[in-house]
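A quick write-up on the structure given underneath.
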4 protein chains.
Amino acid sequence: MSATVSDVAGWWATSICRMEPGIVELRGIPVQNLIGSTSLAATIWLMTRGALPDPREAALLEAALVASVDHGPQAPSIAIARMAVTCGIGLNNAIASGVNALGDVHGGAGEQCVELLNEIVDRESGGLSLPDAATAVLAEHRAKSRYIPGFGHRFHPVDPRRDPLLALVDQAVTDGVVAGRHARAARAIEAALDPVPMNIDGATAVIYAELGFPPPLARGLFVLSRSVGILAHAWEESTEGRRNKGPIPPSILPTYRGHTPAPGPPTQTQPKPPE
Amino acid sequence: MSATVSDVAGWWATSICRMEPGIVELRGIPVQNLIGSTSLAATIWLMTRGALPDPREAALLEAALVASVDHGPQAPSIAIARMAVTCGIGLNNAIASGVNALGDVHGGAGEQCVELLNEIVDRESGGLSLPDAATAVLAEHRAKSRYIPGFGHRFHPVDPRRDPLLALVDQAVTDGVVAGRHARAARAIEAALDPVPMNIDGATAVIYAELGFPPPLARGLFVLSRSVGILAHAWEESTEGRRNKGPIPPSILPTYRGHTPAPGPPTQTQPKPPE
Amino acid sequence: MSATVSDVAGWWATSICRMEPGIVELRGIPVQNLIGSTSLAATIWLMTRGALPDPREAALLEAALVASVDHGPQAPSIAIARMAVTCGIGLNNAIASGVNALGDVHGGAGEQCVELLNEIVDRESGGLSLPDAATAVLAEHRAKSRYIPGFGHRFHPVDPRRDPLLALVDQAVTDGVVAGRHARAARAIEAALDPVPMNIDGATAVIYAELGFPPPLARGLFVLSRSVGILAHAWEESTEGRRNKGPIPPSILPTYRGHTPAPGPPTQTQPKPPE
Amino acid sequence: MSATVSDVAGWWATSICRMEPGIVELRGIPVQNLIGSTSLAATIWLMTRGALPDPREAALLEAALVASVDHGPQAPSIAIARMAVTCGIGLNNAIASGVNALGDVHGGAGEQCVELLNEIVDRESGGLSLPDAATAVLAEHRAKSRYIPGFGHRFHPVDPRRDPLLALVDQAVTDGVVAGRHARAARAIEAALDPVPMNIDGATAVIYAELGFPPPLARGLFVLSRSVGILAHAWEESTEGRRNKGPIPPSILPTYRGHTPAPGPPTQTQPKPPE
C-alpha cells in the first residue's frame, strides 16, 4: 500500500483554512472580509465552530473570555511564565510553559463543569426534576472526586466575576439568545452545595454550555483567555531585569527533608556496573 | 541577609493584578467593571499597556489580531499542535507545543519589523529623508541577515491581508488616531524592495508600531492571535480519531541517508566503559 | 493564618537535593562522590528511587533506556522537534515541544503496561493461575480500550528490540536480580494475544516493573530515553538550514474540505456586536 | 514545481535512524547490537556525533552528565516542573515546561563557555600566549555582556562539582584521551578572574569542548542531564497531593504595585469600540 501525493495532501486535510497563492479563507470566508468587520471574539467562534455567531452570542462569549484573563502570580501558569522569561527564552516560549500547565486541575474545571451541566440538563430532559437531576449528578460525581468543578474557591468567599457573568446570561435568556437551561442547572448545583458559591470556572462554563461549545473547547477558550494574562505577566517580568528568577528569594533555602550523608568516606557510593 | 515574609510577597510584586479575597482588579480596574463593557482586544491592550485604549485604537489592534489567526497546516505551529493532540495530551498541551515554535523565524518577523520601522522613523526624525532612512536601515539590516522581516512570502505573490490592514491604518491616520509615520516607513521599504511586497507580518507590524507597542509585544500579540488558529486546528484534529499522527502517511518511510551497517557480527559495537 | 519564612522554605521542601553554599547533595550523597564513580543510569535510579541500585539492576535499567532512544521522524515527538528547531528557537525549546507530545498515546504505553503487569501479578498472588489472571485482566482492559498497551506495532511485525531485552531479563532472573513474575505475566499476555507480539513499550515495561518502578515513572524513564533521540534529530535538522519547515514539501498544499465562499459581496460576514 | 512521493520521503530524510519493518538502526548500528552492550552515555554520543566513542571518552562525558542532574528547587526549571505537575498534566508535560526554561540564561552558560574556550584555543593556535588570548577574549566578551559564562555562582563560593570534574579531565589528558587545551584555557580565564571560580557550567563546558562537541550540543547535553532532576522533582511533587501549587504559600499575597481604582462609579471603564 503505497501512498500518492494526493494522499499526502489529504493527510493534512482541513476544513478550517484554505490557503493557496493569494488566497487565505477561514471557514470559507476570505480573510480580507473579516479584517475590520469582525471582532476577535466572533473570529474565535468562527474558527472553532465553523460559522460566524449572532452578535449577541459573540458578546456573551467575549464577556467570558475577558473575565478569565488573569488571577495574579499565585496561579501556577502565571508564576511559571514569569520565571521562565527570566531564563533567556522568548515570550512565546514563556507563554508556552505557562499555558502547558493549564491541565485538568488548573484549566480543566470549566470543561468538567460543562460536562456536569450537560448531564444535569440531559437528566432533566429525561424527566427528572431539576433539583433531583442535580442531586443525582452531584452524587455520581462525588463518587469519583471530592472536587465539584466550578464551585468554591481557595481565595474568594464570593468570586467578584460570578454575578456580572450570570447577569449577562440572564439578560441573554430574556433576549432569547440562549435557552438558560445550563444556567438553571448551575444554580441548582449552587443550591445543593450552599453555601459554596459558583466560581469563575462555573460562571464561564454556564456561558460556554449555553452557547453550545463542547466541553473540551471550554478548556481551549480558557487557554485563549488566560494567555492574555500570561503574556502581560511575562512581559512585565521581562522588563525588570531578573535572571533565573526562582520561586522564592535566593536567601531562603528550601527545607531539606531527605537522608543526611553518612560520615567518613563515601562508602555509600558505588562503582558503576562492571558491564 | 535573611528575607522576611514581606520580601517574599515583594518577590512576586506586580502592577498588573490585585487579588485579595473578594477582589480581582486588572490594572486598577475591578474585573466586574470590564465584564460586558470591554472588548477582548481592549482588554489585551489594558493588560499589556496598563490602561484602556481609545475605541478606535482598540479597533485597529483588533483588526491586526483577527488577520493573523491562521495560515493553515503548512505552518509548523499548526502542524505541531495537530500532531501533538493525537498523542494523548490535552488541548492546552497541544497549544503549548505549537505556540512554543513561534520563535525568531516563525513568530519573530513582526517584532523584527517593528524594530526596523522604529529605526527608520528615528532616522527620519534625525533629519534624513524617508527614502534615505529606509535605504540606510535596509543596508545595515542586510549586513546582518538576508531576510527582510515583514516583506515577501513563500506562498503569496500578494498577501490578501496586506491591503485591508493598510487601508485601516490610512483611515486611522485620517481620523487622527495614529500618526502614520511607521506606515510611511513600511511603504518606503516596500518601494526600495519593489517588487517584493509587504506581508502579513509587515502589515501587522505597522499597526503595532503605530499604536506604540514595544517590539517584543508584537511577537506576544501574534502569539495571542495565532493561538486561535492553533486551538481550532488541534480541536479539529482531535475529533478525527488519529493516534500518533506522523508528519506523512505511515506507508511513506523517511529517506535514510546515513551509514549502512557493516556485514557480519556487530564488530562496530563495543562494550561500555569498564569503569 | 499568616505564613512565616520557614513556612516559605517548607513550601519548597524536598528530599531529593540538599543545596547550601558549597554543598550539593543528591539523596544524601555529596555530588562529588557520584562524579566519575556512578553511571548516568545509576544516577537516574538514585534520583527517582532514593538510593543507588545494585550494579546489575542499573545494567538492566540502562538497557531499557538505550533501547528506546529513537524510532525515526515518523514519531510525532521527533517530527515536532525537527520542525520546531527550524522556527528560530533553542534546542531546549525544540526538545520541550517534542517531549510534551509523549502523552498517554505516544509515551504512555509503558506506564499502562506496567499497570497491567502489576494487576496480573496481583491476581496470581491472589490464587489465580497465570493464564487465568492474564485472561481476566485483558478482558477488563478490553472493556475500556481496544488497545493493549505494550503489544503490537503499526510498523514492525516483530520488534527487533523485544528479544534482546527479554533475554537480559531472563538472565537477571537466573542471576537472582529480579523475580521474573512480570516477565512471565507479559509472556502470558503475548500467548493470549498470539500472534500479536510484545513491542518495545511492553519489553521495557517488563524491565521497569521487574525493577519496581511505579507506573508513572515508566513514562518518565521513557521521556529521558526518547529525549536523546529528540536532541539528536533537532540538532541534525538545525544543521540543515531549513526555515519554518512544514510537515510536507511547500509545493504540496493540504486538501481543503470546508465550505466554499459564497459568491458576490461578503454578505456572509457581519459587523461586530454593537455593544 | 510539483513534488513526488520520493520528495516527501526526502523531506524527512535523516542519517540518524533507519526504520523499516523489523529494522531499527541507529547511526548504522542495529539497535539490538546496542542493547546490553552500550552505556546510555555512549549512546548519547553515538546519536549526536554519529559513531560510538572510545570508552574513556564516554566515561568523561558520563561524569559531566551526572554532575549536572540537579541543583534544587531554586532553579526555575525545577520549580516550574514541580508547580506544573500539580496542575493536572502528565510527567512528560511537566518535564517539558521545565526543560523549556533552560534558555540562554538558565541553560546556555555551557554553550557560551564552550564558545569562549574555542575562541581562546584558536587565538593561542594563532600565536598568542594563553594568558594574552584569555585576556583578549574576555575583554571582547565583556564588551557584549557583564556575565562570564561558566564562572562565578550566586550560591556557591566554591562549586563542589568543579574539582572532581577537572581532576577527571587532567587524568584524561595524562591518558591521552583529550588534548587539554580547553582545560588550560578555562584555567587561564579563572586566573584572569581570580577570585571568581569556575562553576559547574564552566567545568562541564571544559569536558564538552575537550571531547569536541559543538557549542549548541553543550546546551543539549545539559538538557538531557537536568531532565533527570526535573523528572525526580516532578515525581516527588506528584506524590504529595498538592493541587495548583503556587510559588509561595497561599496565605502570602503578592505585593500589588499598580494603580488603585478610582472612587465612585467605574467611569474608568468604557464601552467597546462602536464599530
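Residue numbering restarts at 1 for every chain of the C-alpha cells, chains are lettered A, B, ... in their displayed order, and ligands are numbered from 1 as they appear.
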Contacts of B:Pro131 at 8 Å or less, counting only C-alpha atoms, minus same-chain residues fewer than 2 places along, as a PDB file with C-alpha atoms, in the first residue's frame?
ATOM      1  CA  SER B 129      14.715  61.859   4.094  1.00  0.00           C
ATOM      2  CA  ALA B 133      16.478  56.449   6.068  1.00  0.00           C
ATOM      3  CA  ALA B 134      14.882  53.323   4.622  1.00  0.00           C
ATOM      4  CA  THR B 135      17.844  52.636   2.347  1.00  0.00           C
ATOM      5  CA  ALA B 188       9.358  53.207   1.842  1.00  0.00           C
ATOM      6  CA  ALA B 192      13.024  50.009  -2.022  1.00  0.00           C
TER       7      ALA B 192
END
Any idea what's packed within 9 Å of D:Val24, counting only C-alpha atoms, ignoring anything in its chain fewer than 5 positions away? Could you give it as a list in words? Asp70, His71, Gly72, Asp159, Pro160 and Arg161 of chain C; Cys17, Arg18, Met19, Ile29, Pro30, Val31 and Gln32 of chain D
Given the selection you just returned, output its residues as a file containing N, CA, C and O atoms, formatted as a tab-separated table (two decimals), in the first residue's frame.
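Writing the result to part05.tsv gives the following:
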chain	number	residue	atom	x	y	z
C	70	ASP	N	15.22	6.20	20.08
C	70	ASP	CA	14.75	6.78	18.83
C	70	ASP	C	13.98	5.77	17.99
C	70	ASP	O	14.25	4.56	18.06
C	71	HIS	N	13.04	6.28	17.22
C	71	HIS	CA	12.33	5.44	16.26
C	71	HIS	C	12.07	6.19	14.96
C	71	HIS	O	11.22	5.82	14.17
C	72	GLY	N	12.84	7.27	14.74
C	72	GLY	CA	12.76	7.96	13.46
C	72	GLY	C	11.70	9.05	13.40
C	72	GLY	O	10.87	9.18	14.31
C	159	ASP	N	9.23	-6.65	16.68
C	159	ASP	CA	10.06	-5.54	17.09
C	159	ASP	C	11.46	-6.05	17.44
C	159	ASP	O	11.62	-6.90	18.30
C	160	PRO	N	12.49	-5.56	16.73
C	160	PRO	CA	13.84	-6.09	16.93
C	160	PRO	C	14.39	-5.85	18.34
C	160	PRO	O	15.41	-6.43	18.71
C	161	ARG	N	13.69	-5.04	19.11
C	161	ARG	CA	14.19	-4.72	20.45
C	161	ARG	C	13.63	-5.67	21.51
C	161	ARG	O	14.12	-5.74	22.63
D	17	CYS	N	18.55	7.59	12.02
D	17	CYS	CA	17.79	6.38	12.28
D	17	CYS	C	17.25	5.79	10.99
D	17	CYS	O	16.65	6.51	10.18
D	18	ARG	N	17.48	4.51	10.79
D	18	ARG	CA	16.87	3.79	9.68
D	18	ARG	C	15.79	2.91	10.25
D	18	ARG	O	16.06	2.04	11.08
D	19	MET	N	14.54	3.17	9.87
D	19	MET	CA	13.44	2.40	10.42
D	19	MET	C	12.65	1.80	9.27
D	19	MET	O	12.15	2.52	8.41
D	29	ILE	N	23.94	1.21	13.21
D	29	ILE	CA	24.11	0.07	14.11
D	29	ILE	C	22.73	-0.48	14.48
D	29	ILE	O	21.88	0.26	15.00
D	30	PRO	N	22.48	-1.77	14.18
D	30	PRO	CA	21.20	-2.35	14.60
D	30	PRO	C	21.01	-2.16	16.11
D	30	PRO	O	21.93	-2.42	16.89
D	31	VAL	N	19.84	-1.66	16.50
D	31	VAL	CA	19.62	-1.32	17.91
D	31	VAL	C	19.85	-2.53	18.80
D	31	VAL	O	20.33	-2.40	19.93
D	32	GLN	N	19.57	-3.73	18.29
D	32	GLN	CA	19.76	-4.92	19.14
D	32	GLN	C	21.23	-5.13	19.48
D	32	GLN	O	21.55	-5.80	20.46
Go through chain C and flag each residue having an atom no more than 7 Å from chain A; for those, report the closest pair of atoms plus their distance in Å to one decimal, using only C-alpha atoms, ordered by chain and rising number, as CSV.
residue,atom,partner,partner_atom,distance
C:Ala9,CA,A:Pro254,CA,4.5
C:Gly10,CA,A:Thr255,CA,5.2
C:Trp12,CA,A:Pro254,CA,5.1
C:Ala13,CA,A:Thr255,CA,4.4
C:Thr14,CA,A:Tyr256,CA,5.4
C:Ser15,CA,A:Gly258,CA,3.8
C:Ile16,CA,A:Gly258,CA,6.4
C:Arg18,CA,A:Tyr256,CA,5.6
C:Arg27,CA,A:His259,CA,6.2
C:Gly28,CA,A:Pro261,CA,4.7
C:Ile29,CA,A:Pro261,CA,5.6
C:Asn33,CA,A:Pro266,CA,6.3
C:Leu34,CA,A:Thr269,CA,6.7
C:Ser37,CA,A:Pro271,CA,5.1
C:Thr38,CA,A:Lys272,CA,4.9
C:Ser39,CA,A:Lys272,CA,5.2
C:Pro55,CA,A:Pro273,CA,4.2
C:Arg56,CA,A:Pro273,CA,6.4
C:Ala58,CA,A:Pro273,CA,6.7
C:Ala59,CA,A:Pro273,CA,6.3
C:Ile252,CA,A:Ala9,CA,6.2
C:Leu253,CA,A:Ala9,CA,6.0
C:Pro254,CA,A:Ala9,CA,4.5
C:Thr255,CA,A:Ala13,CA,4.4
C:Tyr256,CA,A:Thr14,CA,5.4
C:Arg257,CA,A:Ser15,CA,4.6
C:Gly258,CA,A:Ser15,CA,3.8
C:His259,CA,A:Gly28,CA,4.8
C:Thr260,CA,A:Gly28,CA,5.0
C:Pro261,CA,A:Gly28,CA,4.7
C:Pro266,CA,A:Asn33,CA,6.3
C:Thr269,CA,A:Asn33,CA,6.6
C:Gln270,CA,A:Ser37,CA,6.5
C:Pro271,CA,A:Ser37,CA,5.1
C:Lys272,CA,A:Thr38,CA,5.0
C:Pro273,CA,A:Pro55,CA,4.3
May I have the selected residues written with N, CA and C atoms, as a short mmCIF file (atom, residue, chain, number, x, y, z; two decimals), in the first residue's frame?
data_model
loop_
_atom_site.label_atom_id
_atom_site.label_comp_id
_atom_site.auth_asym_id
_atom_site.auth_seq_id
_atom_site.Cartn_x
_atom_site.Cartn_y
_atom_site.Cartn_z
N ALA C 9 10.16 28.31 53.25
CA ALA C 9 11.21 27.31 52.97
C ALA C 9 10.58 25.92 52.89
N GLY C 10 9.59 25.67 53.76
CA GLY C 10 8.94 24.37 53.77
C GLY C 10 8.05 24.14 52.56
N TRP C 12 8.77 24.60 49.68
CA TRP C 12 9.62 24.01 48.63
C TRP C 12 10.49 22.87 49.17
N ALA C 13 10.04 22.29 50.27
CA ALA C 13 10.80 21.19 50.88
C ALA C 13 10.96 20.03 49.90
N THR C 14 12.09 19.38 49.96
CA THR C 14 12.36 18.24 49.10
C THR C 14 13.30 17.26 49.80
N SER C 15 13.19 16.00 49.45
CA SER C 15 14.13 15.01 49.98
C SER C 15 15.13 14.59 48.90
N ILE C 16 15.11 15.30 47.79
CA ILE C 16 15.97 14.90 46.67
C ILE C 16 17.33 15.56 46.73
N ARG C 18 19.90 18.53 48.61
CA ARG C 18 20.26 19.49 49.65
C ARG C 18 21.27 20.46 49.04
N ARG C 27 20.06 12.97 47.24
CA ARG C 27 19.59 11.85 48.04
C ARG C 27 20.59 11.51 49.15
N GLY C 28 21.20 12.55 49.72
CA GLY C 28 22.11 12.36 50.84
C GLY C 28 23.54 12.05 50.46
N ILE C 29 23.82 12.00 49.18
CA ILE C 29 25.18 11.71 48.73
C ILE C 29 25.80 12.97 48.14
N ASN C 33 30.88 12.76 45.25
CA ASN C 33 31.11 11.32 45.41
C ASN C 33 30.47 10.51 44.30
N LEU C 34 29.63 11.15 43.52
CA LEU C 34 28.99 10.45 42.40
C LEU C 34 29.77 10.65 41.10
N SER C 37 32.22 8.09 39.51
CA SER C 37 32.10 6.75 40.10
C SER C 37 30.76 6.09 39.81
N THR C 38 29.79 6.91 39.37
CA THR C 38 28.43 6.40 39.23
C THR C 38 27.94 6.65 37.82
N SER C 39 27.28 5.66 37.24
CA SER C 39 26.81 5.81 35.87
C SER C 39 25.59 6.72 35.81
N PRO C 55 24.52 -2.86 40.95
CA PRO C 55 25.05 -2.68 39.59
C PRO C 55 24.28 -3.47 38.53
N ARG C 56 23.80 -4.64 38.90
CA ARG C 56 23.09 -5.44 37.90
C ARG C 56 21.68 -4.90 37.66
N ALA C 58 21.14 -1.64 37.78
CA ALA C 58 21.44 -0.48 36.93
C ALA C 58 21.66 -0.90 35.49
N ALA C 59 22.30 -2.06 35.31
CA ALA C 59 22.57 -2.54 33.94
C ALA C 59 21.26 -2.84 33.20
N ILE C 252 3.22 21.08 -1.92
CA ILE C 252 2.00 20.29 -1.71
C ILE C 252 1.09 21.04 -0.74
N LEU C 253 -0.07 21.44 -1.22
CA LEU C 253 -1.00 22.18 -0.36
C LEU C 253 -1.98 21.22 0.29
N PRO C 254 -2.19 21.35 1.61
CA PRO C 254 -3.17 20.49 2.29
C PRO C 254 -4.53 20.56 1.60
N THR C 255 -5.19 19.42 1.51
CA THR C 255 -6.53 19.37 0.92
C THR C 255 -7.48 20.23 1.75
N TYR C 256 -8.30 21.03 1.04
CA TYR C 256 -9.30 21.83 1.75
C TYR C 256 -10.65 21.14 1.66
N ARG C 257 -11.25 20.86 2.80
CA ARG C 257 -12.51 20.11 2.84
C ARG C 257 -13.67 20.93 3.36
N GLY C 258 -13.50 22.24 3.46
CA GLY C 258 -14.53 23.04 4.12
C GLY C 258 -15.48 23.70 3.14
N HIS C 259 -16.17 24.74 3.60
CA HIS C 259 -17.10 25.48 2.77
C HIS C 259 -16.36 26.13 1.61
N THR C 260 -17.08 26.44 0.55
CA THR C 260 -16.52 27.35 -0.44
C THR C 260 -17.22 28.69 -0.25
N PRO C 261 -16.50 29.78 -0.47
CA PRO C 261 -17.07 31.11 -0.19
C PRO C 261 -18.32 31.33 -1.03
N PRO C 266 -19.35 40.04 0.32
CA PRO C 266 -19.16 39.22 1.51
C PRO C 266 -20.31 39.33 2.48
N THR C 269 -20.24 37.85 5.95
CA THR C 269 -19.58 38.44 7.12
C THR C 269 -20.61 39.33 7.82
N GLN C 270 -20.21 39.87 8.91
CA GLN C 270 -21.17 40.68 9.66
C GLN C 270 -20.41 41.64 10.56
N PRO C 271 -21.07 42.73 10.93
CA PRO C 271 -20.40 43.68 11.82
C PRO C 271 -20.16 43.05 13.18
N LYS C 272 -19.26 43.64 13.91
CA LYS C 272 -19.04 43.20 15.28
C LYS C 272 -20.23 43.58 16.13
N PRO C 273 -20.41 42.88 17.24
CA PRO C 273 -21.55 43.18 18.10
C PRO C 273 -21.61 44.68 18.44
#
A:Gln112: which residues within 10 Å, counting only C-alpha atoms, same-chain residues fewer than 4 positions away excluded, as a list in words? Asp104, Val105, Gly107, Gly108, Leu116, Leu117, Asn118, Ile148, Pro149, Gly150, Asp201, Gly202, Ala205, Pro215, Pro216, Ala218 and Arg219 of chain A
Given the selection you just returned, output its residues as a file containing all heavy atoms, formatted as a compact mmCIF listing (two decimals), in the first residue's frame.
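File selection.txt, as written:
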# COMPACT_ATOMS: atom_id res chain seq x y z
N ASP A 104 -5.84 19.44 33.77
CA ASP A 104 -7.14 19.05 34.34
C ASP A 104 -7.46 19.81 35.62
O ASP A 104 -8.62 20.13 35.89
CB ASP A 104 -7.16 17.55 34.64
CG ASP A 104 -7.14 16.72 33.36
OD1 ASP A 104 -7.41 17.27 32.28
OD2 ASP A 104 -6.82 15.51 33.46
N VAL A 105 -6.43 20.09 36.42
CA VAL A 105 -6.68 20.73 37.72
C VAL A 105 -6.69 22.25 37.60
O VAL A 105 -7.54 22.92 38.18
CB VAL A 105 -5.60 20.29 38.74
CG1 VAL A 105 -5.74 21.06 40.04
CG2 VAL A 105 -5.71 18.78 38.99
N GLY A 107 -6.72 24.15 34.58
CA GLY A 107 -7.51 24.71 33.48
C GLY A 107 -8.67 23.85 33.05
O GLY A 107 -9.37 24.19 32.10
N GLY A 108 -8.91 22.76 33.76
CA GLY A 108 -9.92 21.81 33.32
C GLY A 108 -11.28 21.94 34.00
O GLY A 108 -12.24 21.28 33.61
N LEU A 116 -20.77 18.41 33.61
CA LEU A 116 -21.78 18.26 34.67
C LEU A 116 -23.09 18.92 34.27
O LEU A 116 -24.17 18.34 34.42
CB LEU A 116 -21.29 18.90 35.97
CG LEU A 116 -20.32 18.16 36.88
CD1 LEU A 116 -20.19 18.90 38.20
CD2 LEU A 116 -20.76 16.73 37.11
N LEU A 117 -22.98 20.15 33.74
CA LEU A 117 -24.20 20.88 33.38
C LEU A 117 -24.96 20.16 32.26
O LEU A 117 -26.18 20.02 32.32
CB LEU A 117 -23.84 22.31 32.95
CG LEU A 117 -23.15 23.18 34.00
CD1 LEU A 117 -22.80 24.54 33.42
CD2 LEU A 117 -24.02 23.33 35.25
N ASN A 118 -24.20 19.67 31.27
CA ASN A 118 -24.86 18.93 30.19
C ASN A 118 -25.57 17.70 30.74
O ASN A 118 -26.69 17.37 30.34
CB ASN A 118 -23.83 18.49 29.15
CG ASN A 118 -23.31 19.66 28.32
OD1 ASN A 118 -23.90 20.74 28.32
ND2 ASN A 118 -22.20 19.44 27.62
N ILE A 148 -15.93 19.59 43.21
CA ILE A 148 -17.01 19.89 42.29
C ILE A 148 -16.52 21.01 41.37
O ILE A 148 -16.36 22.15 41.82
CB ILE A 148 -18.28 20.35 43.04
CG1 ILE A 148 -18.64 19.35 44.14
CG2 ILE A 148 -19.44 20.52 42.05
CD1 ILE A 148 -18.95 17.96 43.64
N PRO A 149 -16.24 20.70 40.11
CA PRO A 149 -15.62 21.71 39.24
C PRO A 149 -16.54 22.91 39.02
O PRO A 149 -17.71 22.75 38.68
CB PRO A 149 -15.39 20.96 37.93
CG PRO A 149 -16.37 19.83 37.95
CD PRO A 149 -16.52 19.46 39.39
N GLY A 150 -16.00 24.10 39.25
CA GLY A 150 -16.77 25.32 39.00
C GLY A 150 -17.41 25.91 40.24
O GLY A 150 -18.09 26.94 40.15
N ASP A 201 -14.84 29.56 37.03
CA ASP A 201 -14.91 28.42 36.11
C ASP A 201 -16.36 27.98 35.91
O ASP A 201 -16.76 27.61 34.81
CB ASP A 201 -14.08 27.26 36.65
CG ASP A 201 -12.61 27.61 36.76
OD1 ASP A 201 -12.06 28.18 35.79
OD2 ASP A 201 -12.02 27.35 37.82
N GLY A 202 -17.14 28.06 36.99
CA GLY A 202 -18.55 27.70 36.87
C GLY A 202 -19.32 28.71 36.04
O GLY A 202 -20.13 28.34 35.18
N ALA A 205 -18.35 28.40 32.50
CA ALA A 205 -18.86 27.13 31.97
C ALA A 205 -20.34 27.28 31.60
O ALA A 205 -20.78 26.73 30.58
CB ALA A 205 -18.68 26.02 33.00
N PRO A 215 -17.48 20.37 25.69
CA PRO A 215 -16.66 20.54 26.90
C PRO A 215 -15.17 20.82 26.65
O PRO A 215 -14.63 21.76 27.24
CB PRO A 215 -16.89 19.24 27.66
CG PRO A 215 -18.28 18.82 27.27
CD PRO A 215 -18.39 19.22 25.83
N PRO A 216 -14.48 20.06 25.75
CA PRO A 216 -13.04 20.35 25.61
C PRO A 216 -12.75 21.79 25.16
O PRO A 216 -11.72 22.35 25.50
CB PRO A 216 -12.59 19.34 24.56
CG PRO A 216 -13.59 18.23 24.62
CD PRO A 216 -14.90 18.92 24.93
N ALA A 218 -14.25 24.33 26.19
CA ALA A 218 -14.28 25.21 27.37
C ALA A 218 -12.86 25.39 27.90
O ALA A 218 -12.46 26.50 28.28
CB ALA A 218 -15.18 24.63 28.45
N ARG A 219 -12.07 24.31 27.87
CA ARG A 219 -10.68 24.46 28.27
C ARG A 219 -9.92 25.27 27.23
O ARG A 219 -9.12 26.15 27.56
CB ARG A 219 -9.99 23.11 28.45
CG ARG A 219 -8.55 23.28 28.92
CD ARG A 219 -7.76 21.99 28.95
NE ARG A 219 -8.46 20.97 29.70
CZ ARG A 219 -7.85 19.92 30.26
NH1 ARG A 219 -6.54 19.79 30.15
NH2 ARG A 219 -8.56 19.02 30.90
Pick out each residue of stretch 2-237 of chain D that DSSP on the backbone tags as alpha helix (DSSP H); I need them as a PyMOL selection string. chain D and resi 5-11+31-34+40-49+55-67+76-85+91-99+109-125+130-144+162-174+181-193+200-210+215-237
To one decimal in Å, tell me the separation between atom CA of D:Gly98 and atom CA of D:Ala81. 4.9 Å
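You will find atom CA of D:Asp163 at 15.8 Å from atom CA of D:Ala185.
Nearest-residue note for D:Thr204: choosing from C:Ala167, C:Val158, C:Ile35, C:Ala179, the minimum distance belongs to C:Ile35, counting only C-alpha atoms.
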Taking 5 positions as the minimum chain separation for residues in the same chain, which residues sit within 9 Å of D:Glu237 when counting only C-alpha atoms? Answer as number ranges by chain. C: 14; D: 81-83, 85-86, 232, 242
Store the residues of this selection in a file with all heavy atoms, as a tab-separated table (two decimals), in the first residue's frame.
chain	number	residue	atom	x	y	z
C	14	THR	N	12.09	19.38	49.96
C	14	THR	CA	12.36	18.24	49.10
C	14	THR	C	13.30	17.26	49.80
C	14	THR	O	14.08	17.66	50.66
C	14	THR	CB	13.01	18.68	47.77
C	14	THR	OG1	13.31	17.50	47.00
C	14	THR	CG2	14.30	19.46	48.01
D	81	ALA	N	8.64	22.71	36.93
D	81	ALA	CA	8.13	21.35	36.75
D	81	ALA	C	7.34	20.89	37.96
D	81	ALA	O	6.31	20.22	37.83
D	81	ALA	CB	9.30	20.40	36.48
D	82	ARG	N	7.79	21.29	39.15
D	82	ARG	CA	7.07	20.90	40.38
D	82	ARG	C	5.69	21.57	40.43
D	82	ARG	O	4.70	20.94	40.80
D	82	ARG	CB	7.88	21.26	41.63
D	82	ARG	CG	9.14	20.42	41.80
D	82	ARG	CD	9.76	20.61	43.19
D	82	ARG	NE	8.94	19.97	44.18
D	82	ARG	CZ	9.37	19.00	45.02
D	82	ARG	NH1	10.64	18.59	44.97
D	82	ARG	NH2	8.56	18.47	45.88
D	83	MET	N	5.63	22.85	40.06
D	83	MET	CA	4.34	23.53	40.04
D	83	MET	C	3.43	22.94	38.96
D	83	MET	O	2.25	22.71	39.17
D	83	MET	CB	4.54	25.02	39.82
D	83	MET	CG	5.26	25.71	40.98
D	83	MET	SD	5.76	27.42	40.58
D	83	MET	CE	4.15	28.15	40.39
D	85	VAL	N	3.28	20.00	37.59
D	85	VAL	CA	2.73	18.65	37.78
D	85	VAL	C	1.55	18.64	38.75
D	85	VAL	O	0.76	17.71	38.76
D	85	VAL	CB	3.84	17.67	38.25
D	85	VAL	CG1	4.04	17.73	39.75
D	85	VAL	CG2	3.52	16.24	37.79
D	86	THR	N	1.40	19.73	39.53
D	86	THR	CA	0.24	19.80	40.43
D	86	THR	C	-1.00	20.35	39.73
D	86	THR	O	-2.05	20.52	40.35
D	86	THR	CB	0.53	20.73	41.64
D	86	THR	OG1	0.61	22.09	41.19
D	86	THR	CG2	1.81	20.35	42.35
D	232	ALA	N	12.79	13.75	38.62
D	232	ALA	CA	12.77	13.34	40.03
D	232	ALA	C	11.92	14.30	40.87
D	232	ALA	O	11.12	13.87	41.71
D	232	ALA	CB	14.19	13.26	40.58
D	242	ARG	N	-0.50	18.00	46.35
D	242	ARG	CA	-0.91	19.40	46.21
D	242	ARG	C	-1.63	19.61	44.89
D	242	ARG	O	-1.35	18.93	43.90
D	242	ARG	CB	0.33	20.32	46.24
D	242	ARG	CG	0.85	20.62	47.63
D	242	ARG	CD	1.42	22.03	47.66
D	242	ARG	NE	2.20	22.30	48.86
D	242	ARG	CZ	3.51	22.08	48.96
D	242	ARG	NH1	4.16	21.58	47.94
D	242	ARG	NH2	4.15	22.37	50.08
